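Novice: Okay, here's the structure, questions in a sec.
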Amino acid sequence: MTKETRQLNIMLIDELPERSMAMEKLLNNLGHKIVARASAGDDLYKMVNRFLPDIIIIDMDSPDRDTLEQMQSISSDQPRPVVMFTNDDDSQTIHKAVKAGVTAYIVDGLQPKRVMPILETAIARFNEYQMIRDELKKTKNTLEERKLIERAKGIVMKQSNQDEATAHKSMQKIAMSRNMKLVELARSIIAAAELLK
Amino acid sequence: MNKADKTNQLTPEKPDLKLGFIPLNDCCVLAVAKETGLFEKHGLEVELYKEASWANIRDKVCVGALDGAHMLAGMPIATTLGLGFTRKPMLTAFSMNLNGNAITVSNELYERLLVIDPDLVSDPKRSATALKQVIDENKVSGKALLNFAMVYPFSNHNYEIRYWMASAGINPDQDVHLRVIPPQYIVDNLKHGQIDGFCVGGPWNSAAVKEDAGKILLTGYEIWNNSPEKVFGVTRDWAEKYPDTHLALIKALLESAAWIDKAENRNEAAEILADKKYIGISKEVINLSMAGDFKYSANGKSISVPDFNVFHRYLANFPWRSHASWTITQMYRWGQLTESIDIRKTVESVYRPDIYREAAEQSGMSYPASNYKREGEHHDAWILKEKEQQFDMGADAYFDGHIFDSENILDYLSAFDVHSMKVDLEALKKLNKS
């Protein structure tokens, strides 16, 4: 059962640092490293970018949760898996419901046996989610790009009376000579056509 | 039997309720209802819970740890659509207030803007244009991007500051860093130079002015007159399970909002808000924005802005479906919503004027028959005329003169020069034929 787990670099966020002391001690005992500790009003963006934690653990009663959520949704903000801890009784129900989500909750106190699997699961789920998101984005981009290229081709065909193949070739040639991607050229063609409309 | 007698007829299915709020001026609609016994009057035993984040509010309402809550107008829509980590059908039948936001910038940025255009406060377009020039100058001199903050992605603060910036050709996703910072930290962030400006609700703009951490550049009212702000949100399941409880709640909130809206009661409302249970900041600071006088800078004069917070007049509590439609256009505009949806269907499931009407009817208050209005058409107070009744309404203009017609959403969406749209407009058009 006790599989060897890697050492995690953890960022801990708590508005009242004394509340997170127990959590910190527990994580240290489990062999993990607290690389950053943030409290009320700290610049989370800067800290996450500087310390690049494997996971962020936040007190559910910290207002910074809203900041973290936004960071999780913007790729350039270096999204990180997030786990919340709380001693609030209400959280039992929350825990049940959020099981399926990206965010994980640690409830019923700080039992070492329970904390580790939650962290590991959160990281695994986060990676999975990121992968799906990246893939979706890629497929969407390709589709989007194809649409733009086809639209630009239509404009070229109409304006210079070329057939599809010729229009495609001349666009490729120009893109190559200007060191642009075909889709970038397509965008300029469409923009220019809109200006001249 | 007269209408008002029905008040006592409701038997709430669930009289013991837990409601959540975020410590902001507009939570007073809940706070006053609690402190003045309005919930009890309607047969409800309500506990109010001060929550730390909008995400907590969302999650707790979703799972029933809270029965309902003070929410940003965009939250029930976003959560119904599954934007922002959780998906759960929600609805609102009660708008808590109009307006209340402002954009504050650091003293340093204010000075730079003022040098560019000494008349910048006369028109939001001018302040945005001056900001564009600062951004351009910074680009030329190789300086880092300016940092701005708002409080939640699905907030009107976010949509207002973006609308304002975009009017001058600033893309808030590319030309500045626009990030989420919790309201109670936002003034300190400005003071310490971590951000150059923010859009937030009361009392935090006044708190920044009071501490001379920055100056209020413009109010949300100036961007869109009488724009929607907070709503009372519940899950659809909850509303279906406890319809009479929901009505009793809305009746209590209607009375609370009507009471707060009277100028002579604002001071008492501020007193309640100042308590540690609620905002826990001095009454004086709260009154800077709640009392109708408004100070834009520490050394400036107080200016009378009676509509800076509107809680009841102008049909402020009515859940206009045109407000929800506009919110969805902004979700598309800024790439939060990427899939094509049937906008009308979503709006009709989340914004529920039918429930509002029932509560108003039982309270003996009049209510409009229409669900939508053309937003942006009125630059001054106006009268909404329906068959047998009429309502005093406030202005609803956007500073750039645009009109938003919920019947013509696709044209509205296609007209934005500055946007981060990710949806396929053709596909969206197919789903939203008018």
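So you can find residues: chains in the structure tokens are A, B, ... in the order shown, residues in each start at 1, and ligands are numbered from 1 in order.
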Once you count only C-alpha atoms, which residues of chain B turn out to be within 8 Å of chain A? Could you give them as a PyMOL selection string?

Specialist: chain B and resi 51-56+59-60+63-65+84-86+151-153+179-182+185-186+188-189+194

Novice: Those residues with N, CA and C atoms, as a short mmCIF file (atom, residue, chain, number, x, y, z; two decimals), in the first residue's frame please?

Specialist:
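The new file part.cif reads:
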```
data_model
loop_
_atom_site.label_atom_id
_atom_site.label_comp_id
_atom_site.auth_asym_id
_atom_site.auth_seq_id
_atom_site.Cartn_x
_atom_site.Cartn_y
_atom_site.Cartn_z
N GLU B 51 -18.99 34.73 3.44
CA GLU B 51 -18.13 33.79 2.70
C GLU B 51 -16.85 34.48 2.24
N ALA B 52 -15.81 33.67 2.05
CA ALA B 52 -14.50 34.23 1.73
C ALA B 52 -14.32 34.48 0.23
N SER B 53 -15.02 33.75 -0.60
CA SER B 53 -14.79 33.90 -2.04
C SER B 53 -16.06 33.61 -2.81
N TRP B 54 -16.12 34.13 -4.02
CA TRP B 54 -17.28 33.84 -4.88
C TRP B 54 -17.31 32.36 -5.23
N ALA B 55 -16.12 31.78 -5.35
CA ALA B 55 -16.06 30.35 -5.66
C ALA B 55 -16.69 29.53 -4.52
N ASN B 56 -16.45 29.93 -3.29
CA ASN B 56 -17.08 29.24 -2.16
C ASN B 56 -18.60 29.37 -2.22
N ASP B 59 -19.88 27.03 -4.95
CA ASP B 59 -19.82 25.61 -4.60
C ASP B 59 -20.82 25.26 -3.50
N LYS B 60 -20.91 26.13 -2.51
CA LYS B 60 -21.80 25.82 -1.37
C LYS B 60 -23.27 25.86 -1.79
N VAL B 63 -24.08 22.62 -3.86
CA VAL B 63 -24.25 21.36 -3.15
C VAL B 63 -25.26 21.45 -2.01
N GLY B 64 -25.86 22.62 -1.84
CA GLY B 64 -26.89 22.75 -0.82
C GLY B 64 -26.37 23.05 0.57
N ALA B 65 -25.07 23.33 0.71
CA ALA B 65 -24.57 23.76 2.02
C ALA B 65 -25.11 25.15 2.34
N GLY B 84 -16.31 27.97 -15.56
CA GLY B 84 -15.72 28.19 -14.25
C GLY B 84 -15.88 27.01 -13.31
N PHE B 85 -15.51 25.84 -13.76
CA PHE B 85 -15.26 24.68 -12.89
C PHE B 85 -16.47 23.89 -12.39
N THR B 86 -17.66 24.47 -12.36
CA THR B 86 -18.79 23.71 -11.84
C THR B 86 -19.97 23.92 -12.78
N VAL B 151 -12.73 41.42 -9.64
CA VAL B 151 -12.92 40.48 -8.54
C VAL B 151 -13.34 39.06 -8.93
N TYR B 152 -13.81 38.90 -10.16
CA TYR B 152 -14.27 37.57 -10.56
C TYR B 152 -14.48 37.58 -12.07
N PRO B 153 -14.15 36.48 -12.75
CA PRO B 153 -14.28 36.52 -14.21
C PRO B 153 -15.72 36.79 -14.70
N ARG B 179 -6.38 40.82 -13.91
CA ARG B 179 -6.41 39.62 -13.08
C ARG B 179 -7.43 39.75 -11.95
N VAL B 180 -7.67 38.63 -11.31
CA VAL B 180 -8.62 38.62 -10.19
C VAL B 180 -7.87 38.86 -8.88
N ILE B 181 -8.33 39.82 -8.11
CA ILE B 181 -7.82 40.02 -6.74
C ILE B 181 -9.03 40.21 -5.84
N PRO B 182 -9.09 39.50 -4.72
CA PRO B 182 -10.26 39.66 -3.84
C PRO B 182 -10.42 41.11 -3.39
N TYR B 185 -8.43 42.80 -0.62
CA TYR B 185 -6.98 42.97 -0.78
C TYR B 185 -6.62 44.03 -1.81
N ILE B 186 -7.65 44.51 -2.51
CA ILE B 186 -7.38 45.27 -3.72
C ILE B 186 -6.75 46.64 -3.42
N ASP B 188 -4.79 47.48 -0.85
CA ASP B 188 -3.38 47.27 -0.49
C ASP B 188 -2.53 47.00 -1.72
N ASN B 189 -3.07 46.23 -2.63
CA ASN B 189 -2.34 45.94 -3.87
C ASN B 189 -2.05 47.21 -4.66
N GLN B 194 1.42 46.84 -6.78
CA GLN B 194 1.29 45.56 -7.48
C GLN B 194 0.29 45.67 -8.63
#
```

Novice: Find the spatial neighbours of Ile286 of chain B, counting only C-alpha atoms, within a cut-off of 7 Å - ignore same-chain residues fewer than 4 positions away - and output them as a PyMOL selection string.

Specialist: chain B and resi 203+270+282+290

Novice: Determine which residues of segment 109-229 of chain B DSSP labels as strand (DSSP E) from the backbone of this structure, then write them out as an NGL selection string.

Specialist: :B and (147-150 or 177-180 or 197-201 or 214-219)

Novice: Would you mind exporting N, CA and C atoms of the selected residues as an mmCIF file, in the first residue's frame?

Specialist:
```
data_model
loop_
_atom_site.group_PDB
_atom_site.id
_atom_site.type_symbol
_atom_site.label_atom_id
_atom_site.label_comp_id
_atom_site.auth_asym_id
_atom_site.auth_seq_id
_atom_site.Cartn_x
_atom_site.Cartn_y
_atom_site.Cartn_z
ATOM 1 N N ASN B 147 -0.914 46.642 -14.832
ATOM 2 C CA ASN B 147 -1.706 45.611 -14.161
ATOM 3 C C ASN B 147 -3.020 46.181 -13.647
ATOM 4 N N PHE B 148 -4.103 45.529 -14.018
ATOM 5 C CA PHE B 148 -5.420 45.924 -13.510
ATOM 6 C C PHE B 148 -6.057 44.721 -12.823
ATOM 7 N N ALA B 149 -6.975 45.017 -11.911
ATOM 8 C CA ALA B 149 -7.627 43.930 -11.190
ATOM 9 C C ALA B 149 -9.134 44.097 -11.194
ATOM 10 N N MET B 150 -9.812 42.962 -11.136
ATOM 11 C CA MET B 150 -11.254 42.934 -10.886
ATOM 12 C C MET B 150 -11.471 41.739 -9.972
ATOM 13 N N HIS B 177 -2.373 43.458 -18.142
ATOM 14 C CA HIS B 177 -2.673 42.252 -17.375
ATOM 15 C C HIS B 177 -3.929 42.552 -16.575
ATOM 16 N N LEU B 178 -4.970 41.775 -16.800
ATOM 17 C CA LEU B 178 -6.193 41.972 -16.033
ATOM 18 C C LEU B 178 -6.428 40.709 -15.229
ATOM 19 N N ARG B 179 -6.376 40.819 -13.914
ATOM 20 C CA ARG B 179 -6.413 39.623 -13.075
ATOM 21 C C ARG B 179 -7.431 39.750 -11.950
ATOM 22 N N VAL B 180 -7.669 38.626 -11.311
ATOM 23 C CA VAL B 180 -8.618 38.615 -10.189
ATOM 24 C C VAL B 180 -7.867 38.856 -8.878
ATOM 25 N N GLY B 197 -4.513 49.771 -11.277
ATOM 26 C CA GLY B 197 -5.907 50.193 -11.237
ATOM 27 C C GLY B 197 -6.807 49.002 -11.038
ATOM 28 N N PHE B 198 -8.076 49.263 -10.717
ATOM 29 C CA PHE B 198 -9.012 48.152 -10.526
ATOM 30 C C PHE B 198 -10.436 48.598 -10.757
ATOM 31 N N CYS B 199 -11.291 47.631 -10.965
ATOM 32 C CA CYS B 199 -12.728 47.882 -10.998
ATOM 33 C C CYS B 199 -13.357 47.008 -9.928
ATOM 34 N N VAL B 200 -14.015 47.627 -8.963
ATOM 35 C CA VAL B 200 -14.556 46.890 -7.829
ATOM 36 C C VAL B 200 -15.793 47.623 -7.307
ATOM 37 N N GLY B 201 -16.557 46.966 -6.469
ATOM 38 C CA GLY B 201 -17.736 47.597 -5.870
ATOM 39 C C GLY B 201 -17.395 48.237 -4.531
ATOM 40 N N GLY B 214 -5.251 55.987 -4.290
ATOM 41 C CA GLY B 214 -5.528 56.207 -5.704
ATOM 42 C C GLY B 214 -6.712 57.131 -5.878
ATOM 43 N N LYS B 215 -7.092 57.323 -7.128
ATOM 44 C CA LYS B 215 -8.225 58.194 -7.419
ATOM 45 C C LYS B 215 -9.245 57.443 -8.261
ATOM 46 N N ILE B 216 -10.514 57.739 -7.995
ATOM 47 C CA ILE B 216 -11.568 57.127 -8.800
ATOM 48 C C ILE B 216 -11.595 57.840 -10.149
ATOM 49 N N LEU B 217 -11.416 57.070 -11.196
ATOM 50 C CA LEU B 217 -11.363 57.656 -12.530
ATOM 51 C C LEU B 217 -12.780 57.804 -13.082
ATOM 52 N N LEU B 218 -13.577 56.766 -12.932
ATOM 53 C CA LEU B 218 -14.962 56.842 -13.389
ATOM 54 C C LEU B 218 -15.778 55.770 -12.691
ATOM 55 N N THR B 219 -17.094 55.970 -12.692
ATOM 56 C CA THR B 219 -17.971 54.981 -12.057
ATOM 57 C C THR B 219 -18.510 54.028 -13.120
#
```

Novice: Need to verify the contact set: segment 348-364 of chain B, 9 Å, only C-alpha atoms, exclusion of same-chain residues closer than 5 positions in sequence. Can you return it as a PyMOL selection string?

Specialist: chain B and resi 2-7+76-77+80+89-94+236+243+246-251+254-255+317-321+324+343+369-371

Novice: If I take atom CA of Ser39 of chain A and atom CA of Ile56 of chain A, how far is one from the other in Å, to one decimal?

Specialist: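 Computing the Euclidean distance for atom CA of Ser39 of chain A and atom CA of Ile56 of chain A yields 12.8 Å.
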
Novice: If I take atom CA of Asn156 of chain B and atom CA of Ala291 of chain B, how far is one from the other in Å, to one decimal?

Specialist: 22.0 Å

Novice: Find the distance between atom CA of Thr235 of chain B and atom CA of Lys14 of chain B and write it in Å to one decimal.

Specialist: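 Separation of atom CA of Thr235 of chain B and atom CA of Lys14 of chain B: 14.8 Å.
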
Novice: Given the choices B:Leu17, B:Leu120, B:Ile170, B:Ile279, which gets closest to Val61 of chain B if the distance is worked out from only C-alpha atoms?

Specialist: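 Going through B:Leu17, B:Leu120, B:Ile170, B:Ile279 one by one, the smallest distance to Val61 of chain B is for B:Leu17.
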